[in-house]
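Structure data (mmCIF, C-alpha atoms) from upload-v9.cif:
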```
data_upload
#
loop_
_atom_site.label_atom_id
_atom_site.label_comp_id
_atom_site.auth_asym_id
_atom_site.auth_seq_id
_atom_site.Cartn_x
_atom_site.Cartn_y
_atom_site.Cartn_z
CA MET A 1 115.49 -3.21 106.64
CA PRO A 2 115.21 -3.43 102.86
CA VAL A 3 116.03 -0.33 100.78
CA LYS A 4 113.28 0.83 98.43
CA PRO A 5 114.43 1.28 94.86
CA PHE A 6 114.59 4.89 93.43
CA ARG A 7 111.69 5.64 91.16
CA ARG A 8 111.93 8.13 88.33
CA ALA A 9 109.19 10.70 87.93
CA THR A 10 106.42 9.51 85.76
CA ARG A 11 105.85 11.15 82.39
CA PRO A 12 102.67 12.96 83.56
CA ALA A 13 104.61 14.41 86.52
CA ARG A 14 107.41 15.65 84.23
CA ARG A 15 104.86 17.22 81.93
CA ALA A 16 103.26 18.99 84.89
CA SER A 17 106.64 20.38 85.98
CA LEU A 18 107.45 21.62 82.49
CA ALA A 19 104.02 23.18 82.21
CA SER A 20 104.56 24.97 85.54
CA LEU A 21 107.96 26.29 84.43
CA LEU A 22 106.51 27.43 81.11
CA ALA A 23 103.63 29.14 82.90
CA LEU A 24 106.05 30.94 85.23
CA ALA A 25 108.20 32.00 82.26
CA LEU A 26 105.17 33.30 80.39
CA LEU A 27 103.97 35.10 83.53
CA GLY A 28 107.40 36.69 83.97
CA LEU A 29 107.49 37.69 80.31
CA ALA A 30 104.01 39.19 80.57
CA ALA A 31 105.11 41.16 83.64
CA LEU A 32 108.15 42.48 81.77
CA VAL A 33 106.01 43.45 78.77
CA ALA A 34 103.53 45.20 81.05
CA ALA A 35 106.31 47.05 82.88
CA HIS A 36 107.88 48.04 79.57
CA ALA A 37 104.51 49.26 78.29
CA LEU A 38 104.02 51.33 81.46
CA LEU A 39 107.51 52.79 81.09
CA TRP A 40 106.83 53.56 77.41
CA ARG A 41 103.57 55.30 78.34
CA TRP A 42 105.18 57.24 81.19
CA THR A 43 108.04 58.35 78.92
CA GLY A 44 105.57 59.40 76.22
CA ASP A 45 103.59 61.43 78.78
CA ARG A 46 106.82 63.06 79.92
CA ILE A 47 107.84 63.97 76.35
CA GLU A 48 104.44 65.47 75.52
CA ALA A 49 104.19 67.39 78.79
CA GLY A 50 107.71 68.75 78.36
CA PHE A 51 106.99 69.89 74.81
CA GLU A 52 103.72 71.57 75.83
CA ALA A 53 105.54 73.45 78.62
CA TRP A 54 108.25 74.56 76.17
CA ALA A 55 105.61 75.69 73.65
CA ARG A 56 103.76 77.70 76.33
CA ILE A 57 106.96 79.54 77.25
CA ARG A 58 107.71 80.31 73.60
CA ARG A 59 104.18 81.58 72.93
CA ALA A 60 104.28 83.73 76.07
CA THR A 61 107.35 85.51 74.67
CA GLY A 62 105.74 86.20 71.29
CA TRP A 63 106.72 83.13 69.26
CA GLN A 64 104.34 81.12 67.08
CA VAL A 65 104.45 77.34 67.63
CA GLN A 66 102.19 75.43 65.25
CA HIS A 67 101.82 71.75 64.35
CA GLY A 68 99.29 69.09 63.42
CA PRO A 69 97.79 66.54 65.85
CA PRO A 70 100.60 64.89 67.90
CA GLN A 71 101.16 61.20 67.17
CA ARG A 72 102.80 58.81 69.66
CA GLY A 73 104.80 55.80 68.54
CA GLY A 74 108.15 54.04 68.65
CA TRP A 75 107.16 51.07 70.83
CA PRO A 76 108.93 48.83 71.88
CA PHE A 77 112.39 50.29 71.24
CA ALA A 78 111.70 54.00 71.86
CA ALA A 79 109.05 56.50 72.88
CA THR A 80 108.38 59.06 70.16
CA LEU A 81 106.11 62.05 69.65
CA ARG A 82 105.64 63.09 66.03
CA LEU A 83 104.48 66.66 65.27
CA PRO A 84 103.45 66.96 61.60
CA ASP A 85 103.61 70.28 59.71
CA PHE A 86 105.74 71.89 62.40
CA ARG A 87 106.35 75.66 62.35
CA LEU A 88 108.30 77.95 64.68
CA ALA A 89 108.16 81.67 63.87
CA GLY A 90 108.87 85.00 65.56
CA GLY A 91 111.82 86.13 67.62
CA ALA A 92 112.03 89.67 66.25
CA ALA A 93 113.12 90.80 69.72
CA THR A 94 116.20 88.57 69.61
CA VAL A 95 116.81 87.83 65.92
CA PRO A 96 117.02 90.92 63.64
CA GLY A 97 114.12 90.60 61.20
CA GLY A 98 112.75 87.52 62.94
CA MET A 99 112.83 83.91 61.77
CA ASP A 100 110.39 81.34 60.42
CA TRP A 101 111.25 77.61 60.34
CA GLN A 102 108.94 75.01 58.82
CA ALA A 103 109.42 71.24 58.58
CA GLU A 104 107.26 68.42 57.26
CA SER A 105 107.49 66.82 60.68
CA LEU A 106 109.35 67.09 63.97
CA VAL A 107 109.97 63.89 65.95
CA LEU A 108 110.85 63.89 69.67
CA ARG A 109 112.39 60.61 70.79
CA VAL A 110 113.67 59.02 74.02
CA VAL A 111 115.46 55.68 73.74
CA PRO A 112 115.87 53.50 76.88
CA PRO A 113 118.00 53.20 78.90
CA ARG A 114 119.02 56.87 78.25
CA LEU A 115 115.89 58.41 79.73
CA ASP A 116 117.84 61.62 80.41
CA ARG A 117 118.44 62.38 76.71
CA LEU A 118 115.93 63.75 74.20
CA VAL A 119 116.55 63.37 70.48
CA VAL A 120 114.85 66.00 68.30
CA GLU A 121 114.76 64.99 64.63
CA ALA A 122 113.53 67.20 61.76
CA ARG A 123 112.29 65.21 58.77
CA GLY A 124 111.33 65.93 55.19
CA ARG A 125 111.62 69.15 53.26
CA GLN A 126 112.19 72.24 55.35
CA ARG A 127 112.33 76.00 54.94
CA LEU A 128 114.13 78.62 57.04
CA ARG A 129 113.56 82.35 56.70
CA LEU A 130 115.90 84.80 58.44
CA ALA A 131 114.72 88.39 57.90
CA ALA A 132 114.29 88.60 54.09
CA THR A 133 116.47 85.56 53.30
CA GLU A 134 114.70 82.26 52.65
CA ILE A 135 116.60 78.96 52.59
CA PRO A 136 114.87 75.72 51.49
CA PHE A 137 116.76 72.60 52.61
CA ALA A 138 116.54 68.88 53.35
CA ALA A 139 118.79 66.24 54.90
CA ASP A 140 119.05 62.48 55.19
CA ARG A 141 119.62 63.04 58.91
CA LEU A 142 119.15 66.19 60.94
CA GLU A 143 118.86 65.84 64.70
CA ALA A 144 119.75 67.42 68.01
CA VAL A 145 120.42 65.62 71.31
CA LEU A 146 119.37 67.55 74.44
CA PRO A 147 119.63 66.74 78.16
CA LEU A 148 116.30 66.22 79.93
CA GLU A 149 116.01 67.90 83.32
CA ALA A 150 112.86 68.57 85.30
CA ASP A 151 111.57 72.17 84.98
CA VAL A 152 114.84 73.35 83.36
CA LEU A 153 115.34 74.36 79.75
CA PRO A 154 118.33 72.64 78.10
CA ARG A 155 121.60 74.58 78.31
CA GLU A 156 123.47 72.49 75.75
CA ALA A 157 122.85 70.49 72.61
CA ASP A 158 124.69 68.24 70.17
CA LEU A 159 123.64 68.55 66.53
CA ARG A 160 124.35 66.05 63.75
CA THR A 161 123.53 66.02 60.06
CA GLU A 162 124.21 63.81 57.06
CA ARG A 163 123.85 64.83 53.44
CA LEU A 164 122.44 68.27 54.18
CA ARG A 165 121.29 69.99 50.96
CA LEU A 166 120.57 73.74 50.83
CA ARG A 167 119.21 75.42 47.73
CA ALA A 168 121.43 78.36 46.86
CA GLY A 169 120.15 81.37 44.94
CA ALA A 170 117.62 81.57 42.13
CA SER A 171 119.62 79.21 39.90
CA GLY A 172 118.34 76.22 41.85
CA GLY A 173 121.81 74.84 42.55
CA ALA A 174 122.35 73.10 45.88
CA LEU A 175 125.06 73.44 48.48
CA GLU A 176 125.64 69.99 50.00
CA VAL A 177 127.35 68.98 53.24
CA GLN A 178 128.15 65.29 53.47
CA ARG A 179 128.54 65.23 57.24
CA GLY A 180 128.36 67.79 60.02
CA GLU A 181 128.52 68.00 63.81
CA ALA A 182 128.05 70.92 66.19
CA HIS A 183 128.01 71.44 69.95
CA LEU A 184 126.21 74.34 71.62
CA GLU A 185 126.52 75.46 75.25
CA THR A 186 124.80 78.42 76.90
CA SER A 187 125.13 80.09 80.29
CA SER A 188 122.77 82.76 81.60
CA THR A 189 125.11 83.56 84.53
CA ALA A 190 128.29 84.26 82.53
CA ILE A 191 130.19 87.34 83.68
CA GLU A 192 132.55 89.51 81.64
CA GLY A 193 135.03 87.37 79.73
CA GLU A 194 133.18 84.10 80.34
CA PRO A 195 131.42 82.23 77.51
CA ALA A 196 127.67 82.94 77.47
CA VAL A 197 127.30 81.02 74.19
CA LEU A 198 129.85 78.52 72.88
CA LEU A 199 129.46 76.93 69.44
CA THR A 200 131.87 74.41 67.92
CA LEU A 201 131.33 73.26 64.34
CA ALA A 202 132.88 70.62 62.08
CA LEU A 203 131.76 70.03 58.48
CA GLU A 204 133.10 67.49 56.00
CA GLY A 205 132.60 67.12 52.26
CA ILE A 206 131.22 70.55 51.31
CA THR A 207 130.14 70.62 47.65
CA LEU A 208 129.41 74.05 46.20
CA PRO A 209 126.60 74.60 43.68
CA PRO A 210 127.65 74.67 40.02
CA PRO A 211 128.52 78.12 38.66
CA ALA A 212 125.79 79.94 36.77
CA SER A 213 127.93 79.95 33.62
CA GLY A 214 128.09 76.16 33.65
CA SER A 215 131.88 76.13 33.26
CA ALA A 216 134.14 74.65 35.93
CA GLY A 217 135.73 77.10 38.34
CA PRO A 218 139.46 77.40 38.98
CA LEU A 219 139.20 75.57 42.31
CA PRO A 220 137.42 72.24 42.89
CA ARG A 221 133.74 72.47 43.81
CA ARG A 222 134.29 70.24 46.83
CA ALA A 223 136.00 71.54 49.97
CA GLU A 224 137.32 68.82 52.24
CA SER A 225 136.52 70.34 55.64
CA LEU A 226 135.52 73.44 57.58
CA SER A 227 135.71 73.73 61.37
CA GLY A 228 135.58 76.48 63.94
CA GLU A 229 134.81 77.64 67.48
CA LEU A 230 132.69 80.74 68.12
CA VAL A 231 132.26 82.29 71.58
CA LEU A 232 129.89 85.04 72.70
CA THR A 233 131.17 86.34 76.03
CA GLY A 234 128.93 87.66 78.76
CA PRO A 235 127.22 89.03 80.49
CA VAL A 236 124.14 88.76 78.26
CA PRO A 237 121.41 91.07 79.62
CA ALA A 238 118.16 89.30 80.49
CA GLY A 239 114.67 90.67 80.73
CA ARG A 240 112.15 91.91 78.19
CA ARG A 241 113.96 95.03 77.04
CA ASP A 242 114.15 95.53 73.29
CA LEU A 243 117.13 94.21 71.39
CA VAL A 244 118.72 97.65 71.03
CA ALA A 245 118.82 98.20 74.80
CA ARG A 246 120.18 94.70 75.37
CA ALA A 247 122.88 95.16 72.72
CA GLU A 248 123.96 98.45 74.28
CA ALA A 249 124.11 96.89 77.75
CA TRP A 250 126.11 93.92 76.40
CA ARG A 251 128.62 96.25 74.73
CA GLU A 252 128.99 98.48 77.78
CA ALA A 253 129.63 95.40 79.94
CA GLY A 254 132.56 94.37 77.72
CA GLY A 255 130.83 91.68 75.69
CA THR A 256 132.66 90.31 72.64
CA LEU A 257 132.12 87.82 69.83
CA GLU A 258 135.27 85.74 69.41
CA LEU A 259 136.16 83.51 66.52
CA ARG A 260 138.71 81.53 68.48
CA ARG A 261 139.67 79.29 65.60
CA ALA A 262 138.50 78.54 62.09
CA ALA A 263 140.13 76.17 59.62
CA LEU A 264 139.32 75.49 55.97
CA ARG A 265 140.79 72.86 53.67
CA TRP A 266 139.78 73.41 50.05
CA GLY A 267 141.77 71.64 47.38
CA PRO A 268 145.28 73.11 47.37
CA VAL A 269 144.32 75.93 49.74
CA GLY A 270 144.38 75.85 53.53
CA ALA A 271 143.22 78.76 55.67
CA GLU A 272 143.06 79.56 59.39
CA ALA A 273 141.53 82.59 61.09
CA GLN A 274 140.98 84.23 64.48
CA ALA A 275 139.00 87.40 65.18
CA THR A 276 137.40 89.41 67.99
CA LEU A 277 134.37 91.62 67.36
CA THR A 278 132.20 93.96 69.41
CA LEU A 279 129.79 96.83 68.69
CA ASP A 280 130.67 100.49 68.13
CA GLU A 281 128.66 103.52 69.25
CA ALA A 282 126.26 103.04 66.32
CA LEU A 283 125.82 99.36 67.22
CA GLN A 284 127.69 98.29 64.10
CA PRO A 285 130.26 95.47 64.19
CA MET A 286 133.88 96.44 64.75
CA GLY A 287 137.02 94.49 65.55
CA ALA A 288 140.16 92.88 64.21
CA GLY A 289 141.48 89.50 63.22
CA THR A 290 144.12 87.54 61.34
CA VAL A 291 143.87 85.18 58.39
CA ARG A 292 146.66 82.75 57.51
CA ILE A 293 146.60 81.13 54.06
CA SER A 294 148.79 78.32 52.70
CA GLY A 295 148.88 76.76 49.26
CA ILE A 296 148.95 80.13 47.50
CA GLY A 297 151.17 78.84 44.67
CA PRO A 298 148.82 76.00 43.61
CA ALA A 299 145.86 78.36 44.02
CA ILE A 300 147.40 80.90 41.63
CA GLU A 301 148.08 78.12 39.13
CA ALA A 302 144.45 76.99 39.39
CA LEU A 303 143.20 80.56 38.90
CA GLU A 304 145.45 80.98 35.87
CA ALA A 305 144.36 77.63 34.39
CA GLY A 306 140.71 78.55 34.90
CA GLY A 307 141.11 81.92 33.19
CA ALA A 308 140.52 83.97 36.31
CA LEU A 309 144.08 85.37 36.05
CA THR A 310 146.06 86.28 32.94
CA PRO A 311 149.64 84.94 32.72
CA ARG A 312 150.90 88.43 33.50
CA GLY A 313 148.51 88.81 36.45
CA ALA A 314 149.54 85.40 37.77
CA ALA A 315 153.21 86.35 37.57
CA THR A 316 152.53 89.60 39.44
CA ALA A 317 150.55 87.76 42.10
CA ARG A 318 153.38 85.26 42.59
CA ALA A 319 155.92 88.06 42.98
CA VAL A 320 153.86 90.12 45.43
CA LEU A 321 152.58 87.21 47.51
CA GLY A 322 156.03 85.63 47.49
CA LEU A 323 157.30 88.67 49.40
CA LEU A 324 154.58 88.20 52.02
CA ALA A 325 154.90 84.44 52.43
CA ARG A 326 156.68 83.12 55.49
CA THR A 327 157.59 79.63 56.67
CA PRO A 328 155.85 78.94 60.01
CA PRO A 329 158.08 78.28 63.06
CA GLU A 330 156.73 74.73 63.33
CA GLY A 331 157.72 74.06 59.71
CA GLY A 332 155.56 73.05 56.78
CA PRO A 333 154.56 74.94 53.61
CA SER A 334 154.94 78.70 53.51
CA ARG A 335 151.88 80.77 54.32
CA ILE A 336 150.68 84.35 54.18
CA GLU A 337 149.43 86.14 57.29
CA LEU A 338 146.95 88.95 56.64
CA PRO A 339 145.84 91.36 59.40
CA LEU A 340 142.23 92.48 58.95
CA SER A 341 140.27 95.20 60.71
CA LEU A 342 136.63 96.24 60.69
CA GLU A 343 135.69 99.82 61.53
CA ASP A 344 132.86 102.07 60.35
CA ARG A 345 131.56 99.03 58.40
CA ALA A 346 134.71 98.98 56.26
CA LEU A 347 136.78 95.77 56.17
CA THR A 348 140.39 96.68 55.49
CA LEU A 349 143.66 94.83 55.04
CA GLY A 350 146.41 96.17 57.22
CA GLY A 351 144.30 99.24 58.03
CA ARG A 352 144.85 100.67 54.52
CA LEU A 353 143.46 98.57 51.68
CA GLN A 354 139.65 98.46 51.82
CA LEU A 355 138.32 95.06 50.79
CA LEU A 356 134.58 95.65 51.15
CA HIS A 357 131.97 97.88 52.78
CA LEU A 358 129.36 96.11 54.92
CA PRO A 359 125.66 97.03 54.70
CA LEU A 360 124.08 98.88 57.60
CA LEU A 361 122.96 96.55 60.39
CA VAL A 362 119.35 97.43 61.28
CA TRP A 363 118.15 96.62 64.80
CA PRO A 364 114.44 96.00 65.53
CA ARG A 365 112.63 97.49 68.50
CA ARG A 366 109.82 96.07 70.62
CA ASP A 367 107.59 99.14 70.26
CA ASP A 368 105.56 100.11 67.20
CA ALA A 369 108.30 102.29 65.77
CA PRO A 370 109.84 100.94 62.56
CA PRO A 371 113.25 99.27 62.92
CA ALA A 372 116.12 101.70 62.49
CA ALA A 373 119.87 101.56 62.53
CA LEU A 374 121.53 103.57 65.25
CA ASP A 375 123.69 106.45 64.20
CA PRO A 376 125.78 108.60 66.57
CA SER A 377 124.23 111.73 65.06
CA GLN A 378 120.67 110.53 65.75
CA PRO A 379 119.07 111.20 69.14
CA ARG A 380 118.89 108.13 71.38
CA ARG A 381 115.60 106.93 72.78
CA PRO A 382 115.39 107.65 76.53
#
```
Starting from the file, lay out its structure as structure tokens.
Amino acid sequence: MPVKPFRRATRPARRASLASLLALALLGLAALVAAHALLWRWTGDRIEAGFEAWARIRRATGWQVQHGPPQRGGWPFAATLRLPDFRLAGGAATVPGGMDWQAESLVLRVVPPRLDRLVVEARGRQRLRLAATEIPFAADRLEAVLPLEADVLPREADLRTERLRLRAGASGGALEVQRGEAHLETSSTAIEGEPAVLLTLALEGITLPPPASGSAGPLPRRAESLSGELVLTGPVPAGRRDLVARAEAWREAGGTLELRRAALRWGPVGAEAQATLTLDEALQPMGAGTVRISGIGPAIEALEAGGALTPRGAATARAVLGLLARTPPEGGPSRIELPLSLEDRALTLGGRLQLLHLPLLVWPRRDDAPPAALDPSQPRRP
């Protein structure tokens, strides 16, 4: 039988097929947009509900949490909650003298696909008051990254900052940090010797404010880096007891504050330190540590060139410090190792030479009695 010739689809048929494909593509795109919008709304609800729960807990423990009307945004790339005129104040039961932090705005942000991470960003000019000390500051970037877990407060955080500027003193000069990173971990179940709070810090490009006299100092104003690791060992007493009772219980349980490592690079000078502190019977800091300093020779030359040391004083310093300097076993430039101790609020070198006398640390109480420093001669509250 004869074979029928193959016929191509007519132009109207091709147009119909293309229109169907385009319609399906548009329908699929609309479905994706709708799903993304639902996810954005769900994430925004989760952020706002989580913040409200956190604020309720803070207010129930005596803190003030204030802000303007919340504003949602960030679509399509993120879900954000902006809190204008944010303020967090209180904490006298845990921070001696209390604290008060204010920021032009606080932004909470979740960026897909990391729905388990919350970014908290503080924007604009800010002000921090700790007891009687007030610190105005601002930064090009200042944020913390926290894990998001249902019904659980975050136990760790990563903090980052860029071009942090802090106003120092009444002169109006600013201390500037070009870049900084920190990591914080907490554990409410830490036992004796285990870290209850762990803080690691790394700062780069630290520029000191200009001296009040206007003349250049003997050392450069810019320090290259500062890093360290600070550990508060447990157990940390829980509950609503006043800070004095909690500090006493922490001390009796063997709690310590350890500076496990600290390193500074400042021009010709390098320094490293370790220390362990606790509280004495009067709840005043006590402990011991070691500081190792290298680059003493260039530092003395800089002090002499800047007029901080006379030629005779510089020669004496070289002679005395030269006797103390040692070459480390691993090699490198010679360094000086200085043992320090803190007892009865006196910081001494080698247990003999007093360097400074610390002010009395005053501890607040939860009752209506005025804050008072503990003294072994004073009667203890039952």
query = So what does the PyMOL selection byres ((chain A and resi 314-321) around 12) actually pick up in this one, as JSON, numbers by chain?
reply = {"A": [293, 294, 295, 296, 297, 298, 299, 300, 301, 302, 303, 304, 305, 306, 307, 308, 309, 310, 311, 312, 313, 322, 323, 324, 325, 326, 334, 335, 336, 337, 338]}
Selection above as a file: C-alpha atoms, as an mmCIF file, in the coordinates of the input:
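again_31.cif, freshly written:
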```
data_model
loop_
_atom_site.group_PDB
_atom_site.id
_atom_site.type_symbol
_atom_site.label_atom_id
_atom_site.label_comp_id
_atom_site.auth_asym_id
_atom_site.auth_seq_id
_atom_site.Cartn_x
_atom_site.Cartn_y
_atom_site.Cartn_z
ATOM 1 C CA ILE A 293 146.600 81.130 54.060
ATOM 2 C CA SER A 294 148.790 78.320 52.700
ATOM 3 C CA GLY A 295 148.880 76.760 49.260
ATOM 4 C CA ILE A 296 148.950 80.130 47.500
ATOM 5 C CA GLY A 297 151.170 78.840 44.670
ATOM 6 C CA PRO A 298 148.820 76.000 43.610
ATOM 7 C CA ALA A 299 145.860 78.360 44.020
ATOM 8 C CA ILE A 300 147.400 80.900 41.630
ATOM 9 C CA GLU A 301 148.080 78.120 39.130
ATOM 10 C CA ALA A 302 144.450 76.990 39.390
ATOM 11 C CA LEU A 303 143.200 80.560 38.900
ATOM 12 C CA GLU A 304 145.450 80.980 35.870
ATOM 13 C CA ALA A 305 144.360 77.630 34.390
ATOM 14 C CA GLY A 306 140.710 78.550 34.900
ATOM 15 C CA GLY A 307 141.110 81.920 33.190
ATOM 16 C CA ALA A 308 140.520 83.970 36.310
ATOM 17 C CA LEU A 309 144.080 85.370 36.050
ATOM 18 C CA THR A 310 146.060 86.280 32.940
ATOM 19 C CA PRO A 311 149.640 84.940 32.720
ATOM 20 C CA ARG A 312 150.900 88.430 33.500
ATOM 21 C CA GLY A 313 148.510 88.810 36.450
ATOM 22 C CA GLY A 322 156.030 85.630 47.490
ATOM 23 C CA LEU A 323 157.300 88.670 49.400
ATOM 24 C CA LEU A 324 154.580 88.200 52.020
ATOM 25 C CA ALA A 325 154.900 84.440 52.430
ATOM 26 C CA ARG A 326 156.680 83.120 55.490
ATOM 27 C CA SER A 334 154.940 78.700 53.510
ATOM 28 C CA ARG A 335 151.880 80.770 54.320
ATOM 29 C CA ILE A 336 150.680 84.350 54.180
ATOM 30 C CA GLU A 337 149.430 86.140 57.290
ATOM 31 C CA LEU A 338 146.950 88.950 56.640
#
```
ask   = With distances taken over all atoms listed in the file, which of A:Thr161, A:Gln102, A:Gln178, A:Ser225 is nearest to Glu134 (chain A)?
value =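 Closest to Glu134 (chain A) of all the choices is A:Gln102.
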ask   = Expressed in Å to a single decimal, how great is the separation between CA of Ala174 (chain A) and CA of Glu121 (chain A)?
value =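 Result for CA of Ala174 (chain A) versus CA of Glu121 (chain A): 21.8 Å, one decimal.
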Near region 226-228 of chain A, within 7 Å and counting all atoms listed in the file, which residues show up once chain neighbours fewer than 5 positions away are dropped, as a short mmCIF file (atom, residue, chain, number, x, y, z; two decimals) with C-alpha atoms, keeping the file's coordinate frame?
```cif
data_model
loop_
_atom_site.label_atom_id
_atom_site.label_comp_id
_atom_site.auth_asym_id
_atom_site.auth_seq_id
_atom_site.Cartn_x
_atom_site.Cartn_y
_atom_site.Cartn_z
CA THR A 200 131.87 74.41 67.92
CA LEU A 201 131.33 73.26 64.34
CA ALA A 202 132.88 70.62 62.08
CA LEU A 203 131.76 70.03 58.48
CA GLU A 204 133.10 67.49 56.00
CA ARG A 261 139.67 79.29 65.60
CA ALA A 262 138.50 78.54 62.09
CA ALA A 263 140.13 76.17 59.62
CA LEU A 264 139.32 75.49 55.97
CA ARG A 265 140.79 72.86 53.67
#
```
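Among A:Arg260, A:Arg141, A:Arg222, A:His357, the residue with the shortest atom-to-atom distance to Leu208 (chain A), counting all atoms listed in the file, is A:Arg222.
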inquiry  = Excluding region 346-353 of chain A and its own-chain neighbours fewer than 6 positions away, which residues fall within 12 Å of it when counting all atoms listed in the file? Please give them as a list in words.
reply    =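 So, after excluding close chain neighbours, the residues are Gln284, Pro285, Met286, Gly287, Ala288, Gly289, Thr290, Val291, Glu337, Leu338, Pro339, Leu340, Pro359 and Leu360 of chain A.
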List, as a CSV table (one decimal) with C-alpha atoms, in the frame of the given file, every residue that the PyMOL selection byres ((chain A and resi 162) around 8) selects in the file provided.
```csv
chain,number,residue,atom,x,y,z
A,139,ALA,CA,118.8,66.2,54.9
A,140,ASP,CA,119.0,62.5,55.2
A,141,ARG,CA,119.6,63.0,58.9
A,142,LEU,CA,119.2,66.2,60.9
A,160,ARG,CA,124.4,66.0,63.8
A,161,THR,CA,123.5,66.0,60.1
A,163,ARG,CA,123.8,64.8,53.4
A,164,LEU,CA,122.4,68.3,54.2
A,177,VAL,CA,127.4,69.0,53.2
A,178,GLN,CA,128.2,65.3,53.5
A,179,ARG,CA,128.5,65.2,57.2
A,180,GLY,CA,128.4,67.8,60.0
```
message = Using Å and a single decimal, report how far CA of Gln354 (chain A) sits from CA of Glu272 (chain A).
response =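 Those two atoms sit 20.6 Å apart.
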remark   = CA of Leu283 (chain A) to CA of Glu194 (chain A) measures 21.4 Å
Option closest in space to Asp344 (chain A), from A:Ala282, A:Gly205, A:Val362, A:Glu258 [counting all atoms listed in the file] =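 The answer is A:Ala282, which sits nearest to Asp344 (chain A).
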List every protein, DNA or RNA residue that has an atom no more than 8 Å from (117.1, 70.5, 55.1) in the file's coordinate frame, counting all atoms listed in the file, and report them as a PDB file with C-alpha atoms, in the frame of the given file.
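Resulting contents of result_1.pdb:
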```
ATOM      1  CA  GLY A 124     111.330  65.930  55.190  1.00  0.00           C
ATOM      2  CA  ARG A 125     111.620  69.150  53.260  1.00  0.00           C
ATOM      3  CA  GLN A 126     112.190  72.240  55.350  1.00  0.00           C
ATOM      4  CA  ARG A 127     112.330  76.000  54.940  1.00  0.00           C
ATOM      5  CA  PRO A 136     114.870  75.720  51.490  1.00  0.00           C
ATOM      6  CA  PHE A 137     116.760  72.600  52.610  1.00  0.00           C
ATOM      7  CA  ALA A 138     116.540  68.880  53.350  1.00  0.00           C
ATOM      8  CA  ALA A 139     118.790  66.240  54.900  1.00  0.00           C
ATOM      9  CA  LEU A 142     119.150  66.190  60.940  1.00  0.00           C
ATOM     10  CA  LEU A 164     122.440  68.270  54.180  1.00  0.00           C
ATOM     11  CA  ARG A 165     121.290  69.990  50.960  1.00  0.00           C
ATOM     12  CA  LEU A 166     120.570  73.740  50.830  1.00  0.00           C
TER      13      LEU A 166
END
```
request  = Evaluate the PyMOL selection byres ((chain A and resi 230) around 12) on the structure here and hand back the selected residues as an NGL selection string.
outcome  = :A and (182-185 or 195-202 or 227-229 or 231-233 or 256-262 or 273-277)
ask   = Which is closest to Thr207 (chain A) among A:Arg59, A:Arg246, A:Arg167, A:Arg46, if we use all atoms listed in the file?
value =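 Under the stated criterion, the closest residue is A:Arg167.
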Proximity check region 22-74 of chain A to region 111-114 of chain A, 12 Å, nearest pairs one decimal Å, all atoms listed in the file, as a tab-separated table:
```
residue	atom	partner	partner_atom	distance
A:His36	CA	A:Pro112	CA	10.0
A:Leu39	CA	A:Pro112	CA	9.4
A:Trp40	CA	A:Pro112	CA	9.1
A:Thr43	CA	A:Pro112	CA	9.4
A:Gly44	CA	A:Val111	CA	10.9
A:Ile47	CA	A:Val111	CA	11.6
A:Gly73	CA	A:Val111	CA	11.9
A:Gly74	CA	A:Val111	CA	9.1
```
